>>> print(open('upload.cif').read())   # mmCIF, C-alpha atoms
data_query
loop_
_atom_site.group_PDB
_atom_site.id
_atom_site.type_symbol
_atom_site.label_atom_id
_atom_site.label_comp_id
_atom_site.auth_asym_id
_atom_site.auth_seq_id
_atom_site.Cartn_x
_atom_site.Cartn_y
_atom_site.Cartn_z
ATOM 1 C CA MET D 12 -32.202 -67.518 203.371
ATOM 2 C CA SER D 13 -30.408 -64.894 205.403
ATOM 3 C CA LEU D 14 -27.752 -64.565 202.696
ATOM 4 C CA VAL D 15 -30.337 -63.725 200.041
ATOM 5 C CA ARG D 16 -32.313 -61.434 202.337
ATOM 6 C CA SER D 17 -29.248 -59.426 203.313
ATOM 7 C CA GLY D 18 -27.970 -59.551 199.691
ATOM 8 C CA PRO D 19 -26.370 -59.389 197.318
ATOM 9 C CA LEU D 20 -25.109 -62.956 196.910
ATOM 10 C CA GLU D 21 -21.667 -62.209 195.518
ATOM 11 C CA LEU D 22 -20.174 -65.694 195.118
ATOM 12 C CA VAL D 23 -21.573 -69.200 194.773
ATOM 13 C CA THR D 24 -19.155 -72.129 194.610
ATOM 14 C CA PHE D 25 -20.146 -75.666 193.647
ATOM 15 C CA ASP D 26 -18.698 -79.128 194.071
ATOM 16 C CA GLY D 27 -18.787 -81.248 190.902
ATOM 17 C CA ASP D 28 -19.801 -84.906 191.250
ATOM 18 C CA ILE D 29 -23.248 -85.464 192.788
ATOM 19 C CA THR D 30 -23.684 -81.690 193.133
ATOM 20 C CA LEU D 31 -23.805 -80.529 189.493
ATOM 21 C CA TYR D 32 -23.926 -83.927 187.786
ATOM 22 C CA ASP D 33 -24.212 -87.601 188.720
ATOM 23 C CA ASP D 34 -21.155 -89.343 190.120
ATOM 24 C CA GLY D 35 -18.647 -90.128 187.383
ATOM 25 C CA HIS D 36 -20.597 -88.215 184.734
ATOM 26 C CA ASN D 37 -20.061 -84.847 183.023
ATOM 27 C CA LEU D 38 -21.930 -81.538 182.983
ATOM 28 C CA THR D 39 -23.663 -81.909 179.612
ATOM 29 C CA ASP D 40 -25.643 -79.417 177.542
ATOM 30 C CA GLU D 41 -29.099 -80.516 178.718
ATOM 31 C CA ASN D 42 -28.324 -80.308 182.452
ATOM 32 C CA PRO D 43 -31.071 -78.199 184.110
ATOM 33 C CA VAL D 44 -28.581 -76.534 186.451
ATOM 34 C CA ILE D 45 -27.029 -74.597 183.547
ATOM 35 C CA PRO D 46 -29.772 -71.996 182.915
ATOM 36 C CA ARG D 47 -30.015 -71.416 186.660
ATOM 37 C CA ILE D 48 -26.289 -70.715 186.935
ATOM 38 C CA LEU D 49 -26.557 -68.373 183.955
ATOM 39 C CA ARG D 50 -29.350 -66.441 185.694
ATOM 40 C CA LEU D 51 -27.109 -66.053 188.747
ATOM 41 C CA MET D 52 -24.344 -64.738 186.523
ATOM 42 C CA GLU D 53 -26.758 -62.268 184.892
ATOM 43 C CA LYS D 54 -27.223 -60.697 188.322
ATOM 44 C CA GLY D 55 -23.460 -60.332 188.756
ATOM 45 C CA THR D 56 -22.931 -63.320 191.038
ATOM 46 C CA LYS D 57 -19.501 -64.879 190.635
ATOM 47 C CA ILE D 58 -19.375 -68.651 190.095
ATOM 48 C CA GLY D 59 -16.620 -71.031 191.171
ATOM 49 C CA ILE D 60 -16.523 -74.782 190.506
ATOM 50 C CA VAL D 61 -14.348 -76.069 193.357
ATOM 51 C CA THR D 62 -13.648 -79.695 192.548
ATOM 52 C CA ALA D 63 -11.335 -82.436 193.739
ATOM 53 C CA ALA D 64 -10.522 -83.254 190.108
ATOM 54 C CA GLY D 65 -6.904 -82.178 189.841
ATOM 55 C CA TYR D 66 -6.030 -81.596 186.196
ATOM 56 C CA THR D 67 -3.253 -79.380 184.865
ATOM 57 C CA GLU D 68 -4.765 -79.183 181.361
ATOM 58 C CA ALA D 69 -7.788 -77.065 180.436
ATOM 59 C CA ARG D 70 -9.027 -79.800 178.095
ATOM 60 C CA ARG D 71 -9.747 -82.182 180.983
ATOM 61 C CA TYR D 72 -11.949 -79.601 182.698
ATOM 62 C CA TYR D 73 -13.675 -78.776 179.411
ATOM 63 C CA ASP D 74 -14.524 -82.460 178.963
ATOM 64 C CA ARG D 75 -16.072 -82.494 182.446
ATOM 65 C CA LEU D 76 -17.896 -79.150 182.269
ATOM 66 C CA HIS D 77 -18.434 -78.525 178.553
ATOM 67 C CA GLY D 78 -22.192 -78.009 178.869
ATOM 68 C CA LEU D 79 -21.803 -75.015 181.153
ATOM 69 C CA LEU D 80 -18.779 -73.601 179.331
ATOM 70 C CA ASN D 81 -20.507 -73.796 175.951
ATOM 71 C CA ALA D 82 -23.663 -72.212 177.369
ATOM 72 C CA VAL D 83 -21.709 -69.288 178.792
ATOM 73 C CA GLN D 84 -19.895 -68.862 175.478
ATOM 74 C CA VAL D 85 -23.095 -68.532 173.414
ATOM 75 C CA SER D 86 -25.091 -66.656 176.058
ATOM 76 C CA SER D 87 -26.028 -62.983 175.917
ATOM 77 C CA LEU D 88 -23.896 -62.266 178.980
ATOM 78 C CA SER D 89 -21.469 -59.385 178.594
ATOM 79 C CA SER D 90 -17.768 -60.181 178.343
ATOM 80 C CA SER D 91 -17.182 -58.977 181.897
ATOM 81 C CA LEU D 92 -19.953 -61.207 183.289
ATOM 82 C CA LYS D 93 -18.647 -64.231 181.386
ATOM 83 C CA GLU D 94 -15.314 -63.778 183.132
ATOM 84 C CA ASN D 95 -17.061 -64.337 186.461
ATOM 85 C CA LEU D 96 -16.776 -68.124 186.002
ATOM 86 C CA ILE D 97 -13.706 -69.945 187.326
ATOM 87 C CA ILE D 98 -12.693 -73.555 187.950
ATOM 88 C CA LEU D 99 -10.545 -74.368 190.986
ATOM 89 C CA GLY D 100 -9.287 -77.941 190.759
ATOM 90 C CA GLY D 101 -7.481 -80.283 193.119
ATOM 91 C CA GLU D 102 -9.424 -78.691 196.020
ATOM 92 C CA ALA D 103 -7.186 -75.596 195.973
ATOM 93 C CA ASN D 104 -4.350 -76.162 193.523
ATOM 94 C CA TYR D 105 -5.212 -75.297 189.896
ATOM 95 C CA LEU D 106 -7.221 -72.274 188.802
ATOM 96 C CA PHE D 107 -8.688 -71.715 185.338
ATOM 97 C CA LYS D 108 -10.874 -68.784 184.315
ATOM 98 C CA PHE D 109 -13.404 -68.632 181.500
ATOM 99 C CA SER D 110 -11.864 -67.291 178.312
ATOM 100 C CA PRO D 111 -13.975 -67.066 175.124
ATOM 101 C CA SER D 112 -10.861 -67.039 172.925
ATOM 102 C CA ALA D 113 -9.140 -70.060 174.483
ATOM 103 C CA PRO D 114 -9.336 -73.400 172.604
ATOM 104 C CA ASP D 115 -11.107 -75.056 175.536
ATOM 105 C CA LEU D 116 -12.778 -71.857 176.809
ATOM 106 C CA LEU D 117 -10.516 -71.902 179.865
ATOM 107 C CA GLN D 118 -7.272 -70.075 180.603
ATOM 108 C CA TYR D 119 -4.812 -71.239 183.241
ATOM 109 C CA VAL D 120 -4.114 -68.703 185.986
ATOM 110 C CA SER D 121 -0.709 -68.786 187.659
ATOM 111 C CA ARG D 122 -0.776 -69.568 191.365
ATOM 112 C CA LYS D 123 1.007 -66.328 192.203
ATOM 113 C CA GLU D 124 -2.089 -64.441 191.001
ATOM 114 C CA TRP D 125 -4.560 -66.054 193.414
ATOM 115 C CA MET D 126 -2.733 -67.884 196.222
ATOM 116 C CA LEU D 127 -3.474 -66.807 199.770
ATOM 117 C CA ASP D 128 -0.540 -65.566 201.827
ATOM 118 C CA GLU D 129 -0.787 -68.619 204.089
ATOM 119 C CA MET D 130 -0.541 -70.935 201.078
ATOM 120 C CA ARG D 131 2.771 -69.342 200.094
ATOM 121 C CA THR D 132 4.308 -70.780 203.255
ATOM 122 C CA TRP D 133 3.764 -74.352 202.057
ATOM 123 C CA GLN D 134 7.215 -75.575 201.035
ATOM 124 C CA GLU D 135 7.615 -78.055 198.181
ATOM 125 C CA ASP D 136 9.626 -80.485 200.295
ATOM 126 C CA GLU D 137 6.865 -80.435 202.935
ATOM 127 C CA ILE D 138 4.201 -81.024 200.280
ATOM 128 C CA THR D 139 6.214 -83.984 198.984
ATOM 129 C CA ALA D 140 6.550 -85.338 202.522
ATOM 130 C CA VAL D 141 2.769 -85.230 203.060
ATOM 131 C CA LEU D 142 2.152 -87.075 199.794
ATOM 132 C CA GLU D 143 4.774 -89.717 200.594
ATOM 133 C CA ILE D 144 3.251 -90.390 204.018
ATOM 134 C CA ALA D 145 -0.192 -90.585 202.427
ATOM 135 C CA GLU D 146 1.029 -92.951 199.718
ATOM 136 C CA ALA D 147 2.621 -95.264 202.271
ATOM 137 C CA ALA D 148 -0.584 -95.293 204.342
ATOM 138 C CA LEU D 149 -2.689 -96.050 201.272
ATOM 139 C CA LEU D 150 -0.376 -98.890 200.255
ATOM 140 C CA ASP D 151 -0.718 -100.368 203.754
ATOM 141 C CA CYS D 152 -4.498 -100.239 203.413
ATOM 142 C CA VAL D 153 -4.301 -101.974 200.040
ATOM 143 C CA LYS D 154 -2.136 -104.708 201.549
ATOM 144 C CA ASN D 155 -4.035 -105.155 204.827
ATOM 145 C CA MET D 156 -7.499 -105.166 203.232
ATOM 146 C CA ARG D 157 -6.307 -107.044 200.133
ATOM 147 C CA LEU D 158 -7.744 -104.384 197.862
ATOM 148 C CA GLN D 159 -7.457 -104.859 194.126
ATOM 149 C CA ALA D 160 -6.178 -101.344 193.592
ATOM 150 C CA GLN D 161 -3.421 -99.273 192.127
ATOM 151 C CA VAL D 162 -1.890 -96.090 193.494
ATOM 152 C CA LEU D 163 -2.150 -92.938 191.403
ATOM 153 C CA ARG D 164 0.338 -90.191 192.242
ATOM 154 C CA LYS D 165 -0.189 -86.652 190.956
ATOM 155 C CA GLU D 166 1.632 -83.367 191.441
ATOM 156 C CA ARG D 167 -0.388 -82.411 194.531
ATOM 157 C CA ALA D 168 -2.453 -85.508 195.239
ATOM 158 C CA VAL D 169 -2.191 -89.248 195.706
ATOM 159 C CA GLY D 170 -4.906 -91.864 195.753
ATOM 160 C CA ILE D 171 -5.979 -95.410 195.087
ATOM 161 C CA ILE D 172 -8.271 -96.432 192.254
ATOM 162 C CA PRO D 173 -9.782 -99.886 191.678
ATOM 163 C CA LEU D 174 -8.400 -102.205 189.042
ATOM 164 C CA PRO D 175 -10.582 -102.604 185.918
ATOM 165 C CA GLY D 176 -13.813 -104.434 186.713
ATOM 166 C CA VAL D 177 -13.413 -103.982 190.479
ATOM 167 C CA ARG D 178 -15.515 -101.823 192.784
ATOM 168 C CA PHE D 179 -14.611 -101.019 196.388
ATOM 169 C CA THR D 180 -17.278 -101.364 199.071
ATOM 170 C CA ARG D 181 -18.316 -98.307 201.064
ATOM 171 C CA GLU D 182 -16.740 -99.831 204.178
ATOM 172 C CA GLN D 183 -13.398 -100.321 202.413
ATOM 173 C CA LEU D 184 -13.432 -96.728 201.185
ATOM 174 C CA GLU D 185 -14.327 -95.276 204.572
ATOM 175 C CA GLU D 186 -11.820 -97.426 206.458
ATOM 176 C CA THR D 187 -9.070 -96.377 204.056
ATOM 177 C CA VAL D 188 -9.951 -92.703 204.557
ATOM 178 C CA LEU D 189 -10.061 -92.961 208.344
ATOM 179 C CA THR D 190 -6.790 -94.885 208.561
ATOM 180 C CA THR D 191 -4.924 -92.603 206.175
ATOM 181 C CA GLN D 192 -6.298 -89.463 207.785
ATOM 182 C CA LYS D 193 -5.257 -90.582 211.272
ATOM 183 C CA ILE D 194 -1.714 -91.449 210.139
ATOM 184 C CA LEU D 195 -1.362 -88.047 208.451
ATOM 185 C CA GLU D 196 -2.745 -86.200 211.472
ATOM 186 C CA MET D 197 -0.030 -87.764 213.645
ATOM 187 C CA SER D 198 2.727 -86.451 211.374
ATOM 188 C CA PRO D 199 4.303 -83.089 212.330
ATOM 189 C CA VAL D 200 4.486 -81.995 208.681
ATOM 190 C CA THR D 201 0.677 -81.770 208.387
ATOM 191 C CA ARG D 202 0.755 -78.973 210.972
ATOM 192 C CA LYS D 203 2.473 -76.925 208.287
ATOM 193 C CA VAL D 204 0.699 -78.202 205.160
ATOM 194 C CA PRO D 205 -3.062 -78.887 205.298
ATOM 195 C CA PHE D 206 -4.509 -81.877 203.484
ATOM 196 C CA CYS D 207 -7.825 -83.491 202.676
ATOM 197 C CA ALA D 208 -8.384 -87.264 202.712
ATOM 198 C CA PHE D 209 -11.731 -88.211 201.215
ATOM 199 C CA ASN D 210 -13.914 -90.940 199.803
ATOM 200 C CA GLY D 211 -14.565 -90.147 196.150
ATOM 201 C CA GLY D 212 -17.333 -92.726 195.833
ATOM 202 C CA ALA D 213 -15.218 -95.178 193.847
ATOM 203 C CA ASP D 214 -11.736 -94.232 195.050
ATOM 204 C CA VAL D 215 -9.832 -92.575 197.891
ATOM 205 C CA PHE D 216 -7.605 -89.546 197.449
ATOM 206 C CA VAL D 217 -5.463 -87.250 199.553
ATOM 207 C CA ASP D 218 -5.111 -83.704 198.230
ATOM 208 C CA ILE D 219 -2.891 -80.872 199.379
ATOM 209 C CA GLY D 220 -5.146 -78.189 200.861
ATOM 210 C CA ASP D 221 -8.910 -78.535 201.181
ATOM 211 C CA LYS D 222 -12.088 -76.812 200.055
ATOM 212 C CA SER D 223 -11.910 -74.121 202.696
ATOM 213 C CA TRP D 224 -8.712 -72.960 200.981
ATOM 214 C CA GLY D 225 -10.411 -73.405 197.603
ATOM 215 C CA VAL D 226 -13.368 -71.200 198.513
ATOM 216 C CA LEU D 227 -11.108 -68.621 200.156
ATOM 217 C CA ALA D 228 -8.971 -68.539 197.006
ATOM 218 C CA CYS D 229 -12.083 -67.908 194.884
ATOM 219 C CA GLN D 230 -13.028 -65.059 197.203
ATOM 220 C CA ARG D 231 -9.577 -63.543 196.857
ATOM 221 C CA PHE D 232 -9.447 -63.974 193.074
ATOM 222 C CA PHE D 233 -12.632 -61.958 192.718
ATOM 223 C CA GLY D 234 -11.235 -59.082 194.725
ATOM 224 C CA GLY D 235 -11.788 -60.089 198.332
ATOM 225 C CA ILE D 236 -15.392 -61.282 198.572
ATOM 226 C CA SER D 237 -16.535 -61.794 202.157
ATOM 227 C CA GLY D 238 -17.614 -65.153 203.527
ATOM 228 C CA SER D 239 -20.823 -63.440 204.637
ATOM 229 C CA THR D 240 -21.849 -62.964 200.976
ATOM 230 C CA SER D 241 -20.656 -66.380 199.731
ATOM 231 C CA LEU D 242 -22.355 -69.769 199.478
ATOM 232 C CA HIS D 243 -20.785 -73.178 198.850
ATOM 233 C CA VAL D 244 -22.982 -76.009 197.557
ATOM 234 C CA GLY D 245 -21.814 -79.607 197.988
ATOM 235 C CA ASP D 246 -22.834 -83.124 198.901
ATOM 236 C CA GLN D 247 -20.067 -84.291 201.271
ATOM 237 C CA PHE D 248 -20.268 -82.657 204.682
ATOM 238 C CA LEU D 249 -19.601 -85.480 207.123
ATOM 239 C CA SER D 250 -16.693 -84.659 209.428
ATOM 240 C CA ALA D 251 -14.498 -87.511 208.142
ATOM 241 C CA GLY D 252 -13.807 -88.483 204.565
ATOM 242 C CA ALA D 253 -15.944 -85.728 203.043
ATOM 243 C CA ASN D 254 -14.176 -82.994 201.140
ATOM 244 C CA ASP D 255 -16.931 -80.339 201.300
ATOM 245 C CA PHE D 256 -16.876 -80.273 205.113
ATOM 246 C CA LYS D 257 -14.006 -77.797 205.445
ATOM 247 C CA ALA D 258 -15.821 -75.273 203.231
ATOM 248 C CA ARG D 259 -17.889 -74.451 206.311
ATOM 249 C CA LEU D 260 -14.835 -72.583 207.606
ATOM 250 C CA ALA D 261 -14.965 -70.183 204.640
ATOM 251 C CA CYS D 262 -18.638 -69.374 204.119
ATOM 252 C CA THR D 263 -22.242 -70.479 204.489
ATOM 253 C CA THR D 264 -22.813 -73.944 203.001
ATOM 254 C CA ALA D 265 -25.747 -75.829 201.516
ATOM 255 C CA TRP D 266 -25.699 -79.596 201.981
ATOM 256 C CA ILE D 267 -27.456 -81.363 199.109
ATOM 257 C CA ALA D 268 -27.796 -85.031 198.183
ATOM 258 C CA SER D 269 -28.134 -84.948 194.393
ATOM 259 C CA PRO D 270 -27.936 -82.673 191.327
ATOM 260 C CA GLN D 271 -31.728 -82.475 191.463
ATOM 261 C CA GLU D 272 -31.511 -80.924 194.921
ATOM 262 C CA THR D 273 -29.017 -78.365 193.592
ATOM 263 C CA VAL D 274 -31.595 -77.345 190.987
ATOM 264 C CA MET D 275 -34.245 -77.039 193.713
ATOM 265 C CA LEU D 276 -31.892 -74.974 195.848
ATOM 266 C CA LEU D 277 -31.144 -72.529 193.029
ATOM 267 C CA ASP D 278 -34.867 -72.205 192.310
ATOM 268 C CA GLU D 279 -35.511 -71.398 195.974
ATOM 269 C CA ILE D 280 -32.732 -68.794 195.951
ATOM 270 C CA GLU D 281 -34.229 -67.178 192.845
ATOM 271 C CA GLU D 282 -37.752 -67.167 194.288
ATOM 272 C CA LEU D 283 -36.565 -65.689 197.571
ATOM 273 C CA ASP D 284 -34.538 -63.060 195.745
ATOM 274 C CA GLU D 285 -37.623 -61.996 193.770
ATOM 275 C CA ALA D 286 -39.695 -61.878 196.945
ATOM 276 C CA VAL D 287 -37.116 -59.641 198.609
ATOM 277 C CA LYS D 288 -37.104 -57.298 195.595
ATOM 278 C CA ARG D 289 -40.921 -57.069 195.623
ATOM 279 C CA LYS D 290 -40.902 -56.281 199.331
ATOM 280 C CA LYS D 291 -38.359 -53.504 198.858
ATOM 281 C CA ALA D 292 -40.360 -52.084 195.955
#
>>> encode(input="upload.cif", output="structure tokens")
Amino acid sequence: MSLVRSGPLELVTFDGDITLYDDGHNLTDENPVIPRILRLMEKGTKIGIVTAAGYTEARRYYDRLHGLLNAVQVSSLSSSLKENLIILGGEANYLFKFSPSAPDLLQYVSRKEWMLDEMRTWQEDEITAVLEIAEAALLDCVKNMRLQAQVLRKERAVGIIPLPGVRFTREQLEETVLTTQKILEMSPVTRKVPFCAFNGGADVFVDIGDKSWGVLACQRFFGGISGSTSLHVGDQFLSAGANDFKARLACTTAWIASPQETVMLLDEIEELDEAVKRKKA
């Protein structure tokens, strides 16, 4: 409320699963959050989707977010306003910006164009070391808890996913997060390279960086937006195993429990904004 009253709201970042769409689903054309995001963009608010999904190809993000991307493409927004939509994947590792001429409406942005100075100090051998420690810890959890899982290693992330037809219990997911996080915290290398261990609802992943770095990178990309004019919306804010928690270090946050609550939140922001304008008039 204080953000809107002091205005303007320059940047709003969103988590993906459970925030914009149901867990494991996609942001489809009929999603009610889309027209509300478009109305924010009409006012000049920048939009960042800061997601744990760590893809290096634009097509994967288009598949996840096609409803919003298509809506922006056909909207009456000016070209400059359309460019105010970015996707930051892998917490803080891959940035794509909206591009109406790109095959998947997204253009990859080189890290050197948006990385924070502190992120440039992360050495590749140290990043590899963090991922190797995390992988070993995850494998121990699989063995000790007899999980029917396989390890998935990516460029800047590692995790465990269930075998086909298997679903992990909440306790197994949380125990894996807590164990892996504690092992990583005891390693000297994580004092140099930050990480995020989190429960993805059906899997557990460890990413390089976290959402505080993701939100800060969005702020920098858009020219140095202040945390005092930014809002992050997400569903995971518990102190352990929740990847939205660290965003509190970068800006004001809104803790929601479902995509429906995100819609309600955006409606409240719009109503409050109109009330402020009437009062000033």
>>> closest_residue(input="upload.cif", among="D:Trp125, D:Phe206, D:Tyr72, D:Phe233", to="Leu92 in chain D", atoms="only C-alpha atoms")
D:Phe233
>>> closest_residue(input="upload.cif", among="D:Ile58, D:Ala103, D:Met12, D:Ala213", to="Ile236 in chain D", atoms="all atoms listed in the file")
D:Ile58
>>> residues_around(input="upload.cif", residues="Lys193 in chain D", least_positions_apart="6", cutoff="12 Å", atoms="all atoms listed in the file", output="PDB file with C-alpha atoms, in the coordinates of the input")
ATOM      1  CA  ILE D 144       3.251 -90.390 204.018  1.00  0.00           C
ATOM      2  CA  ALA D 145      -0.192 -90.585 202.427  1.00  0.00           C
ATOM      3  CA  ALA D 148      -0.584 -95.293 204.342  1.00  0.00           C
ATOM      4  CA  LEU D 149      -2.689 -96.050 201.272  1.00  0.00           C
ATOM      5  CA  GLU D 186     -11.820 -97.426 206.458  1.00  0.00           C
ATOM      6  CA  THR D 187      -9.070 -96.377 204.056  1.00  0.00           C
ATOM      7  CA  THR D 201       0.677 -81.770 208.387  1.00  0.00           C
ATOM      8  CA  PHE D 206      -4.509 -81.877 203.484  1.00  0.00           C
ATOM      9  CA  CYS D 207      -7.825 -83.491 202.676  1.00  0.00           C
ATOM     10  CA  ALA D 208      -8.384 -87.264 202.712  1.00  0.00           C
ATOM     11  CA  ALA D 251     -14.498 -87.511 208.142  1.00  0.00           C
ATOM     12  CA  GLY D 252     -13.807 -88.483 204.565  1.00  0.00           C
TER      13      GLY D 252
END
>>> resolve_selection(input="upload.cif", expression="the PyMOL selection byres ((chain D and resi 49) around 9)", output="list in words")
Val44, Ile45, Pro46, Arg47, Ile48, Arg50, Leu51, Met52, Glu53, Lys54, Leu79, Ala82, Val83, Ser86 and Leu88 of chain D
>>> residues_around(input="upload.cif", residues="Thr180 in chain D", least_positions_apart="6", cutoff="12 Å", atoms="all atoms listed in the file", output="list of chain:residue names")
D:Met156, D:Leu158, D:Gln159, D:Pro173, D:Glu186, D:Thr187, D:Asn210, D:Gly211, D:Gly212, D:Ala213, D:Asp214, D:Val215
>>> residues_around(input="upload.cif", residues="Phe216 in chain D", least_positions_apart="5", cutoff="7 Å", atoms="only C-alpha atoms", output="CSV table (one decimal) with C-alpha atoms, in the coordinates of the input")
chain,number,residue,atom,x,y,z
D,168,ALA,CA,-2.5,-85.5,195.2
D,169,VAL,CA,-2.2,-89.2,195.7
D,170,GLY,CA,-4.9,-91.9,195.8
D,171,ILE,CA,-6.0,-95.4,195.1
D,208,ALA,CA,-8.4,-87.3,202.7
D,209,PHE,CA,-11.7,-88.2,201.2
D,210,ASN,CA,-13.9,-90.9,199.8
>>> resolve_selection(input="upload.cif", expression="the PyMOL selection byres ((chain D and resi 232) around 10)", output="PyMOL selection string")
chain D and resi 97+106+124-127+226-231+233-236
>>> residues_around(input="upload.cif", residues="Pro175 in chain D", least_positions_apart="3", cutoff="12 Å", atoms="all atoms listed in the file", output="list in words")
Gln159, Ala160, Gln161, Ile172, Arg178, Phe179 and Ala213 of chain D
>>> atom_distance(input="upload.cif", atom1="CA of Ser237 in chain D", atom2="CA of Cys262 in chain D")
8.1 Å
>>> resolve_selection(input="upload.cif", expression="the PyMOL selection byres ((chain D and resi 259) around 10)", output="list in words")
Lys222, Ser223, Val226, Gly238, Leu242, His243, Phe248, Asp255, Phe256, Lys257, Ala258, Leu260, Ala261, Cys262, Thr263, Thr264 and Ala265 of chain D
>>> decode(input="upload.cif", residues="range 20-47 of chain D", atoms="C-alpha atoms", output="PDB file, in the first residue's frame")
ATOM      1  CA  LEU D  20       5.452   1.472  -8.998  1.00  0.00           C
ATOM      2  CA  GLU D  21       8.362   1.079 -11.391  1.00  0.00           C
ATOM      3  CA  LEU D  22       8.956  -2.685 -11.343  1.00  0.00           C
ATOM      4  CA  VAL D  23       6.873  -5.730 -10.471  1.00  0.00           C
ATOM      5  CA  THR D  24       8.509  -9.160 -10.579  1.00  0.00           C
ATOM      6  CA  PHE D  25       6.607 -12.441 -10.385  1.00  0.00           C
ATOM      7  CA  ASP D  26       7.422 -16.035  -9.561  1.00  0.00           C
ATOM      8  CA  GLY D  27       5.940 -18.564 -12.002  1.00  0.00           C
ATOM      9  CA  ASP D  28       4.403 -21.734 -10.549  1.00  0.00           C
ATOM     10  CA  ILE D  29       1.571 -21.137  -8.062  1.00  0.00           C
ATOM     11  CA  THR D  30       1.998 -17.372  -8.510  1.00  0.00           C
ATOM     12  CA  LEU D  31       0.969 -16.844 -12.153  1.00  0.00           C
ATOM     13  CA  TYR D  32      -0.330 -20.337 -12.919  1.00  0.00           C
ATOM     14  CA  ASP D  33      -1.009 -23.610 -11.108  1.00  0.00           C
ATOM     15  CA  ASP D  34       1.938 -25.808 -10.203  1.00  0.00           C
ATOM     16  CA  GLY D  35       3.264 -27.649 -13.244  1.00  0.00           C
ATOM     17  CA  HIS D  36       0.988 -25.776 -15.652  1.00  0.00           C
ATOM     18  CA  ASN D  37       1.599 -22.988 -18.184  1.00  0.00           C
ATOM     19  CA  LEU D  38       0.482 -19.369 -18.501  1.00  0.00           C
ATOM     20  CA  THR D  39      -2.255 -19.848 -21.105  1.00  0.00           C
ATOM     21  CA  ASP D  40      -4.266 -17.319 -23.099  1.00  0.00           C
ATOM     22  CA  GLU D  41      -7.324 -17.295 -20.822  1.00  0.00           C
ATOM     23  CA  ASN D  42      -5.395 -16.668 -17.587  1.00  0.00           C
ATOM     24  CA  PRO D  43      -7.026 -13.686 -15.801  1.00  0.00           C
ATOM     25  CA  VAL D  44      -3.657 -12.338 -14.665  1.00  0.00           C
ATOM     26  CA  ILE D  45      -2.751 -11.371 -18.248  1.00  0.00           C
ATOM     27  CA  PRO D  46      -5.001  -8.304 -18.719  1.00  0.00           C
ATOM     28  CA  ARG D  47      -3.944  -7.063 -15.290  1.00  0.00           C
TER      29      ARG D  47
END
